[in-house]
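Structure data follow from upload12.txt (compact mmCIF, C-alpha atoms):
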# COMPACT_ATOMS: atom_id res chain seq x y z
CA MET M 19 -37.26 75.24 108.57
CA ASP M 20 -34.88 72.33 109.09
CA ILE M 21 -35.54 71.81 112.80
CA ARG M 22 -32.85 69.12 113.16
CA ARG M 23 -30.19 71.43 111.74
CA HIS M 24 -31.45 74.22 113.93
CA MET M 25 -31.23 72.10 117.05
CA ARG M 26 -27.73 70.93 116.15
CA GLU M 27 -26.65 74.55 115.85
CA PHE M 28 -28.23 75.39 119.19
CA ARG M 29 -26.48 72.47 120.94
CA THR M 30 -23.18 73.59 119.44
CA GLU M 31 -23.71 77.12 120.71
CA ALA M 32 -24.70 75.76 124.14
CA TRP M 33 -21.36 73.97 124.29
CA HIS M 34 -19.55 77.19 123.39
CA TYR M 35 -21.41 78.92 126.21
CA VAL M 36 -20.45 76.28 128.77
CA SER M 37 -16.82 76.41 127.64
CA GLY M 38 -16.72 80.18 128.03
CA SER M 39 -17.53 81.74 124.64
CA ALA M 40 -18.79 85.29 125.13
CA ARG M 41 -20.30 85.50 121.65
CA SER M 42 -22.44 82.39 122.03
CA ARG M 43 -25.31 83.99 123.94
CA TRP M 44 -26.08 86.28 120.99
CA ARG M 45 -26.19 83.35 118.54
CA GLN M 46 -28.35 81.34 120.96
CA ASN M 47 -30.74 84.24 121.22
CA ALA M 48 -31.10 84.45 117.44
CA LEU M 49 -31.57 80.69 117.04
CA LEU M 50 -34.21 80.50 119.76
CA ARG M 51 -36.21 83.33 118.27
CA GLU M 52 -36.53 81.42 115.01
CA LEU M 53 -38.10 78.38 116.69
CA GLU M 54 -41.85 77.93 116.87
CA PRO M 55 -43.36 77.92 120.40
CA HIS M 56 -44.00 74.16 120.35
CA HIS M 57 -40.36 73.52 119.47
CA LEU M 58 -39.26 75.67 122.41
CA ILE M 59 -41.52 73.67 124.71
CA ASP M 60 -40.03 70.43 123.34
CA ILE M 61 -36.56 71.48 124.54
CA GLY M 62 -37.80 72.69 127.92
CA ILE M 63 -38.06 76.44 127.31
CA ASP M 64 -41.21 78.37 128.14
CA PRO M 65 -41.73 80.78 125.21
CA PHE M 66 -43.69 83.12 127.46
CA THR M 67 -40.74 83.64 129.83
CA MET M 68 -38.00 83.50 127.20
CA GLU M 69 -37.77 87.28 126.92
CA ARG M 70 -37.00 87.47 130.63
CA SER M 71 -34.54 84.57 130.68
CA ILE M 72 -32.35 85.43 127.66
CA PRO M 73 -29.95 88.36 128.05
CA THR M 74 -30.64 91.16 125.60
CA PHE M 75 -27.48 93.21 126.09
CA THR M 76 -24.81 93.70 123.45
CA LEU M 77 -21.09 94.31 123.73
CA ARG M 78 -19.14 96.91 121.78
CA PRO M 79 -16.02 99.09 122.08
CA ALA M 80 -16.59 102.04 124.37
CA GLN M 81 -16.78 105.59 123.10
CA GLU M 82 -16.17 108.83 124.90
CA THR M 83 -19.91 109.52 124.82
CA ASP M 84 -20.46 106.40 126.95
CA MET M 85 -18.64 107.87 129.93
CA GLU M 86 -21.76 109.36 131.48
CA GLY M 87 -23.23 105.86 131.77
CA VAL M 88 -19.91 104.44 132.90
CA GLN M 89 -19.62 107.14 135.59
CA ARG M 90 -23.12 106.35 136.86
CA ILE M 91 -22.24 102.67 137.34
CA TYR M 92 -18.81 103.30 138.82
CA GLY M 93 -20.01 106.12 141.06
CA ASP M 94 -22.60 103.81 142.58
CA HIS M 95 -19.92 101.19 143.34
CA VAL M 96 -17.61 103.84 144.80
CA SER M 97 -20.33 105.31 147.01
CA HIS M 98 -21.90 102.10 148.25
CA GLY M 99 -19.46 99.23 147.68
CA LEU M 100 -15.98 97.97 148.48
CA ALA M 101 -14.83 96.86 145.02
CA SER M 102 -13.10 100.21 144.46
CA PHE M 103 -10.87 101.86 147.04
CA GLU M 104 -11.84 105.31 145.80
CA GLU M 105 -14.05 107.04 148.34
CA ALA M 106 -15.46 109.92 146.28
CA PRO M 107 -17.07 109.22 142.88
CA PRO M 108 -15.06 110.83 140.06
CA SER M 109 -16.87 113.24 137.77
CA VAL M 110 -17.90 112.47 134.21
CA ASP M 111 -15.09 114.72 132.99
CA GLU M 112 -12.59 112.74 135.05
CA MET M 113 -13.90 109.46 133.60
CA ARG M 114 -13.55 110.90 130.11
CA SER M 115 -9.96 111.85 130.90
CA ARG M 116 -9.18 108.34 132.15
CA PHE M 117 -10.80 106.86 129.05
CA ARG M 118 -8.70 109.04 126.75
CA THR M 119 -5.51 108.01 128.57
CA LEU M 120 -6.26 104.31 128.18
CA LYS M 121 -7.26 104.63 124.53
CA SER M 122 -4.12 106.64 123.75
CA GLN M 123 -2.16 103.58 124.89
CA SER M 124 -4.34 101.19 122.83
CA PHE M 125 -5.87 99.39 125.81
CA PRO M 126 -9.23 97.67 125.15
CA TYR M 127 -12.31 99.30 126.71
CA LEU M 128 -15.73 97.65 126.27
CA VAL M 129 -19.30 98.41 127.30
CA ALA M 130 -22.41 96.27 127.67
CA GLU M 131 -25.45 98.08 126.37
CA ARG M 132 -29.21 97.70 126.43
CA PRO M 133 -31.71 99.96 124.70
CA ASP M 134 -32.04 102.02 127.88
CA GLY M 135 -28.32 102.57 128.31
CA ILE M 136 -24.99 101.21 129.52
CA VAL M 137 -25.32 98.33 132.01
CA GLY M 138 -21.65 97.40 132.45
CA TYR M 139 -18.13 97.98 131.23
CA SER M 140 -14.66 96.46 131.29
CA TYR M 141 -11.20 97.67 130.38
CA ALA M 142 -7.53 96.84 130.72
CA GLY M 143 -4.83 99.20 131.90
CA PRO M 144 -1.25 99.18 133.13
CA TYR M 145 -0.53 96.96 136.12
CA ARG M 146 2.46 99.14 137.03
CA THR M 147 4.00 102.10 135.23
CA ARG M 148 7.67 101.03 135.27
CA SER M 149 8.81 99.73 131.90
CA ALA M 150 9.61 96.15 132.90
CA TYR M 151 5.90 95.64 133.66
CA ARG M 152 4.86 96.54 130.10
CA PHE M 153 3.62 93.02 129.23
CA THR M 154 1.42 92.78 132.34
CA ILE M 155 -1.98 94.46 132.58
CA GLU M 156 -4.76 94.86 135.11
CA ASN M 157 -8.44 94.35 134.35
CA SER M 158 -11.48 96.18 135.67
CA VAL M 159 -15.09 94.99 135.31
CA TYR M 160 -18.15 96.77 136.69
CA VAL M 161 -21.83 95.96 136.22
CA ALA M 162 -24.83 98.04 137.23
CA LYS M 163 -26.02 96.70 140.57
CA ASP M 164 -29.57 96.12 139.35
CA CYS M 165 -28.19 93.97 136.49
CA SER M 166 -26.01 91.58 138.50
CA GLY M 167 -26.39 87.84 137.97
CA GLN M 168 -27.40 88.19 134.31
CA GLY M 169 -24.15 87.10 132.65
CA ILE M 170 -23.01 90.63 131.86
CA GLY M 171 -19.81 90.48 133.90
CA ARG M 172 -18.79 87.17 132.39
CA ALA M 173 -19.45 88.38 128.87
CA LEU M 174 -17.47 91.57 129.45
CA LEU M 175 -14.48 89.84 131.01
CA SER M 176 -14.45 87.05 128.40
CA ALA M 177 -14.46 89.59 125.58
CA LEU M 178 -11.81 91.70 127.31
CA ILE M 179 -9.49 88.69 127.64
CA ALA M 180 -9.98 87.87 123.96
CA GLU M 181 -9.12 91.44 122.97
CA CYS M 182 -6.04 91.53 125.19
CA GLU M 183 -4.75 88.28 123.72
CA LYS M 184 -4.56 90.06 120.37
CA GLY M 185 -2.06 92.50 121.83
CA PRO M 186 1.47 92.20 123.23
CA TRP M 187 0.45 91.48 126.83
CA ARG M 188 1.18 88.14 128.52
CA GLN M 189 -0.22 88.38 132.06
CA MET M 190 -3.50 89.81 133.35
CA ILE M 191 -3.87 90.75 137.01
CA ALA M 192 -7.17 91.15 138.85
CA ILE M 193 -7.02 93.27 141.99
CA ILE M 194 -10.32 92.60 143.73
CA GLY M 195 -11.41 94.86 146.55
CA ASN M 196 -12.94 93.00 149.51
CA SER M 197 -12.18 89.32 150.07
CA GLY M 198 -15.90 88.85 150.71
CA ASN M 199 -16.67 89.66 147.06
CA ARG M 200 -17.28 86.02 146.19
CA ALA M 201 -19.09 86.81 142.95
CA SER M 202 -16.08 88.59 141.45
CA ILE M 203 -13.62 85.99 142.72
CA ALA M 204 -15.76 83.15 141.32
CA LEU M 205 -16.12 84.92 137.97
CA HIS M 206 -12.37 85.25 137.62
CA GLU M 207 -11.81 81.63 138.65
CA LYS M 208 -14.25 80.45 135.97
CA LEU M 209 -12.30 82.36 133.34
CA GLY M 210 -8.92 80.90 134.22
CA PHE M 211 -7.57 83.20 136.93
CA GLN M 212 -5.65 81.70 139.82
CA LEU M 213 -5.60 83.05 143.33
CA VAL M 214 -2.20 84.53 144.13
CA GLY M 215 -2.89 85.81 147.63
CA THR M 216 -4.77 88.21 149.86
CA LEU M 217 -3.49 91.46 151.34
CA ARG M 218 -5.21 91.81 154.69
CA ASP M 219 -6.69 95.08 155.96
CA VAL M 220 -4.91 97.30 153.43
CA GLY M 221 -7.88 99.62 152.92
CA PHE M 222 -10.26 101.43 155.25
CA LYS M 223 -13.60 102.35 153.76
CA HIS M 224 -17.16 102.67 155.04
CA ASP M 225 -15.82 102.36 158.60
CA GLN M 226 -14.27 98.96 158.06
CA TRP M 227 -10.95 97.41 157.11
CA VAL M 228 -10.93 95.92 153.63
CA ASP M 229 -8.75 93.21 152.06
CA THR M 230 -7.41 93.05 148.52
CA VAL M 231 -7.47 89.76 146.62
CA LEU M 232 -4.84 89.23 143.92
CA MET M 233 -5.57 86.90 141.00
CA GLN M 234 -3.58 86.22 137.84
CA ARG M 235 -4.19 84.75 134.38
CA HIS M 236 -1.76 83.96 131.58
CA LEU M 237 -2.74 85.51 128.25
CA ALA M 238 -2.17 83.18 125.33
CA PRO M 239 -0.80 85.21 122.41
CA ALA M 240 -2.95 85.35 119.30
CA ARG M 241 -1.35 83.97 116.17
CA GLY M 242 1.07 86.52 114.79
CA ALA M 243 1.19 88.58 118.00
CA SER M 244 4.63 89.87 118.93
CA SER M 245 6.24 90.34 122.33
CA SER M 246 8.65 93.01 121.11
Produce structure tokens that represent the structure in this file.
Amino acid sequence: MDIRRHMREFRTEAWHYVSGSARSRWRQNALLRELEPHHLIDIGIDPFTMERSIPTFTLRPAQETDMEGVQRIYGDHVSHGLASFEEAPPSVDEMRSRFRTLKSQSFPYLVAERPDGIVGYSYAGPYRTRSAYRFTIENSVYVAKDCSGQGIGRALLSALIAECEKGPWRQMIAIIGNSGNRASIALHEKLGFQLVGTLRDVGFKHDQWVDTVLMQRHLAPARGASSS
């Protein structure tokens, strides 16, 4: 093995990670697994804890068969959190129906998956239904609560933005339930969203008034994309 070449590749991928590349973590994982234990130690990585420290999820387009896992994650957030203003978890059939509606309009829908199932998902949908809003979309990102803080949300949102920039859309809106949701607000800030404002006490859930935070990001059109 050419260890110098290998380390150059790893440093390059590390830069991609810092600058926001969602695909980099998978390449880093592959590169690290090819290194001998003493090489890992040389760059400050404990080979015995590497399995726990490197994410092992993968991203892919969602399928209708994923909706049971998606419903489990979303239902937990609906029942116990403030990110969604729904108060009763929708059924799996309802989630399938929503999925079909989005896919019929060619909106991206992604899932993060581990061998034991779906651990997060993201999708884009209409910001408003009136025709003049057709180039503006709203994003949604949810991660299983026992998988938070593992880079899944960032990977999902980064990949979703990249997919949306291939389409005709030019603005992405994040409508974040609960102004105390600092993790979601910080995630969006890191990926280029700007705070537009906060709507105070517009929801009432779990016996408390809840704010809505509005954030916005310009979508750079991919080469050859049309706004017609």
>> I want to know what sits within 7 Å of Arg235 in chain M, based on only C-alpha atoms, with residues of the same chain fewer than 4 positions away left out; could you give that as a list in words?
In response: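 My list of contacting residues is Gln189, Met190, Ile191, Gly210, Phe211 and Gln212 of chain M.
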> Separation of CA of Glu207 in chain M and CA of Met233 in chain M, in Å?
Replying inline: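 Calculated distance between CA of Glu207 in chain M and CA of Met233 in chain M is 8.5 Å.
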At a cut-off of 9 Å, using only C-alpha atoms, what residues contact Ala201 in chain M? Leave out same-chain residues fewer than 4 positions from it and give the result as a PDB file with C-alpha atoms, in the coordinates of the input.
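Here's the written file part.pdb:
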ATOM      1  CA  GLY M 167     -26.390  87.840 137.970  1.00  0.00           C
ATOM      2  CA  LEU M 205     -16.120  84.920 137.970  1.00  0.00           C
ATOM      3  CA  HIS M 206     -12.370  85.250 137.620  1.00  0.00           C
TER       4      HIS M 206
END
> Hey, can you check how far CA of Cys165 in chain M sits from CA of Gln81 in chain M?
Replying inline: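 Taking CA of Cys165 in chain M and CA of Gln81 in chain M, their separation equals 21.1 Å.
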>> So, with all atoms listed in the file as the atoms that count, which of M:Leu217, M:Val137, M:Met85, M:Leu100 lies closest to Arg116 in chain M?
In response: M:Met85
Is it possible to get the axis-aligned box enclosing range 191-204 of chain M (all listed atoms, 4 Å extra per side) as lines of an AutoDock Vina configuration file, with centre and edge lengths in Å rounded to one decimal?
center_x = -11.5
center_y = 89.0
center_z = 143.9
size_x = 23.2
size_y = 19.7
size_z = 21.7
> Between M:Ile203, M:Val88, M:Ala150, M:Ala80, which is the closest to Leu232 in chain M once you count all atoms listed in the file?
Replying inline: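 Closest candidate: M:Ile203.
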> Skipping near chain neighbours, those fewer than 5 positions away, what residues fall within 12 Å of Ala101 in chain M using only C-alpha atoms, listed as a ChimeraX atom specification?
Replying inline: /M:92-96,158-161,192-203,221,223-224,228-231
> What gap, in Å, lies between CA of Glu131 in chain M and CA of Thr119 in chain M?
Replying inline: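 If I compute the distance from CA of Glu131 in chain M to CA of Thr119 in chain M, I get 22.4 Å.
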> Pick the closest to Gly171 in chain M from M:Ala142, M:Val110, M:Leu209, M:Ile155: which is it, counting all atoms listed in the file?
Replying inline: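 Counting all atoms listed in the file, the residue closest to Gly171 in chain M is M:Leu209.
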>> I'd like the contact shell of Leu174 in chain M - 8 Å cut-off, all atoms listed in the file, skipping same-chain residues fewer than 6 positions apart - returned as a count of residues only.
In response: 9
>> Taking all atoms listed in the file into account, name the residue in M:Tyr151, M:Ala177, M:His98, M:Glu105 that is nearest to Pro79 in chain M.
In response: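 The answer is M:Ala177, which sits nearest to Pro79 in chain M.
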> Which is closest to Lys163 in chain M among M:Arg132, M:Thr76, M:Ile91, M:Ala238, if we use only C-alpha atoms?
Replying inline: M:Ile91
